[in-house]
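Asks: The structure follows.
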Amino acid sequence: MLRALKSFGAFWYDFVIGDDWHVAAIVVAALALTALLVHVAGVNAWWLLPLAGFAALVWSLHRATSGKS
Amino acid sequence: MTAALPLVLTVFVACAVEAIEALTIVLAAGLTRQWRSTFQGMAAALVVLAAIVGVLGPTITLLPLTALRLVVGALLAIFGLQWLRKAILRAAGYKALHDEASAYLREVAAAKAAPEVAKRGVSDWYAFTLTFKGVLLEGLEVVFIVITFGGNQHNLGAAVVGAAIAVVVVTVTGIVVRAPLAKVPENALKFAVGIMLTSFGTFWGAEGAGVTWPGNDAALLVLVPVVAVVSLGCAAWLRRAHRVNTAAGPQAQVSQAEGVTS
């Protein structure tokens, strides 16, 4: 039962998060920061998520090709 | 219908890529083992997938639009960036291109080696499970794309149409040529799908977080090309770096290969 649960979790982790969890973490953090800027500081931060996405992609590619992941 | 065209096209391309991969597995099982058990496995997987769409589809459209866009946008952006990452590494030469012909040969070799065992009313359990797993796994990605895109646009019907056309086109082509569709530029298609998933995910995710995009929906007309340019730029940058490192000698290649984990 435990093994089935583990493999179920591993499948969904691999399906959604994929090879580099840092990308998912950066996207989630950027969305949280965007919501904070919009709802608390009143800043329409539409630019934040695209910039964070590009940064996550470049960083992840750099890590993958330089032996750091 | 014109308004739904980008949705239908995006889902069509994304689903065609997955259908091509599923077709390779179905052909390997059917041509090497037996078609009856292969079709049983395929039918069982399609029933499970239809049930998932039937349950999740209507449920997801009941969620408040802001929450839906936040969650679905985040998932799509993460999913899209992972597709782009793989496509860029393949385009730059750091990762082997997905080759349906060699994938087919691998599946055929494994299918020939496995013993034929009858189980639970299925005459060839190996062919059944191979096809069931393959179609279910590839189909889950199709379901994910159909539900997220269709739910967000409140047009699940158009998304289902795009997916259905893709599956029919790939299936008919597969029946006609009776071989894996190795000539389809799969990496280019995956690159394009990664760009669309990332762009739509970013757009909806940020909207769900509360932002108002400059130009509202028209912002997508800028966002998609910008994501494409950045991705192509990354591929060009890595391709050049790969060439320089390859020219530098085998030692550099080894350290690079160690860095690419998947």
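Ligands are numbered from 1 in the order shown, residues from 1 within each chain, and chains are lettered A, B, ... in the order they appear in the structure tokens.
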Give as a list in words every residue of chain A that touches chain B within 7 Å, counting only C-alpha atoms.
Replies: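 Output check: Val16, Ile17, Gly18, Asp19, Val23, Ala24, Val27, Val28, Leu31, Thr34, Ala35, Val38, Asn44, Ala45, Trp46, Leu49, Pro50, Leu57, Leu61, Ala64, Thr65, Ser66, Gly67, Lys68 and Ser69 of chain A.
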Asks: With C-alpha atoms retained, export the selected residues as a PDB file, in the first residue's frame.
Replies:
ATOM      1  CA  VAL A  16       4.074  18.157 -12.975  1.00  0.00           C
ATOM      2  CA  ILE A  17       7.442  19.191 -11.495  1.00  0.00           C
ATOM      3  CA  GLY A  18       9.679  17.292 -13.944  1.00  0.00           C
ATOM      4  CA  ASP A  19      13.464  17.280 -13.991  1.00  0.00           C
ATOM      5  CA  VAL A  23      11.728  25.956 -11.875  1.00  0.00           C
ATOM      6  CA  ALA A  24       8.472  25.079 -10.085  1.00  0.00           C
ATOM      7  CA  VAL A  27       7.205  30.092 -10.546  1.00  0.00           C
ATOM      8  CA  VAL A  28       5.252  29.564  -7.295  1.00  0.00           C
ATOM      9  CA  LEU A  31       3.141  34.171  -8.250  1.00  0.00           C
ATOM     10  CA  THR A  34       2.944  39.111  -7.629  1.00  0.00           C
ATOM     11  CA  ALA A  35      -0.201  38.619  -5.509  1.00  0.00           C
ATOM     12  CA  VAL A  38      -0.957  43.654  -6.367  1.00  0.00           C
ATOM     13  CA  ASN A  44       0.207  46.052 -11.073  1.00  0.00           C
ATOM     14  CA  ALA A  45       3.224  43.715 -11.356  1.00  0.00           C
ATOM     15  CA  TRP A  46       2.317  42.010 -14.653  1.00  0.00           C
ATOM     16  CA  LEU A  49       6.009  36.363 -13.669  1.00  0.00           C
ATOM     17  CA  PRO A  50       7.399  36.520 -17.245  1.00  0.00           C
ATOM     18  CA  LEU A  57      14.593  28.748 -17.580  1.00  0.00           C
ATOM     19  CA  LEU A  61      19.585  25.365 -18.524  1.00  0.00           C
ATOM     20  CA  ALA A  64      21.909  21.332 -16.607  1.00  0.00           C
ATOM     21  CA  THR A  65      24.771  22.074 -18.991  1.00  0.00           C
ATOM     22  CA  SER A  66      27.446  22.942 -16.443  1.00  0.00           C
ATOM     23  CA  GLY A  67      27.203  19.837 -14.284  1.00  0.00           C
ATOM     24  CA  LYS A  68      25.481  21.495 -11.325  1.00  0.00           C
ATOM     25  CA  SER A  69      22.234  19.512 -11.377  1.00  0.00           C
TER      26      SER A  69
END
Asks: Counting only C-alpha atoms, what is within 10 Å of Thr131 in chain B, bar same-chain residues fewer than 5 positions away, as a list of chain:residue names?
Replies: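 Residues near the query, excluding close chain neighbours: B:Ala22, B:Leu23, B:Thr24, B:Ile25, B:Val26, B:Leu27, B:Ala28, B:Ala29, B:Gly30, B:Ser37, B:Thr38, B:Phe39, B:Gln40, B:Gly41, B:Met42, B:Ala43, B:Ala44, B:Ala45, B:Trp125, B:Tyr126, B:Leu136, B:Leu137.
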Asks: Nearest to Glu18 in chain B among B:Pro225, B:Pro58, B:Pro185, B:Gly139, with distances taken over only C-alpha atoms: which residue is it?
Replies: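 Closest residue, counting only C-alpha atoms: B:Gly139.
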Asks: Under the rule that only C-alpha atoms are counted, which of A:His62, A:Ala56, A:Leu51, A:Val43 is the nearest residue to Trp21 in chain A?
Replies: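 Distance minimum relative to Trp21 in chain A lands on A:Ala56.
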Asks: Between CA of Thr246 in chain B and CA of Ala91 in chain B, what is the spacing in Å?
Replies: 15.3 Å
Asks: When DSSP is applied to the backbone of this structure, which of chain A are assigned helix (DSSP H, G or I)? Write them out as an MDAnalysis selection string.
Replies: chainID A and resid 2:16 21:41 48:65
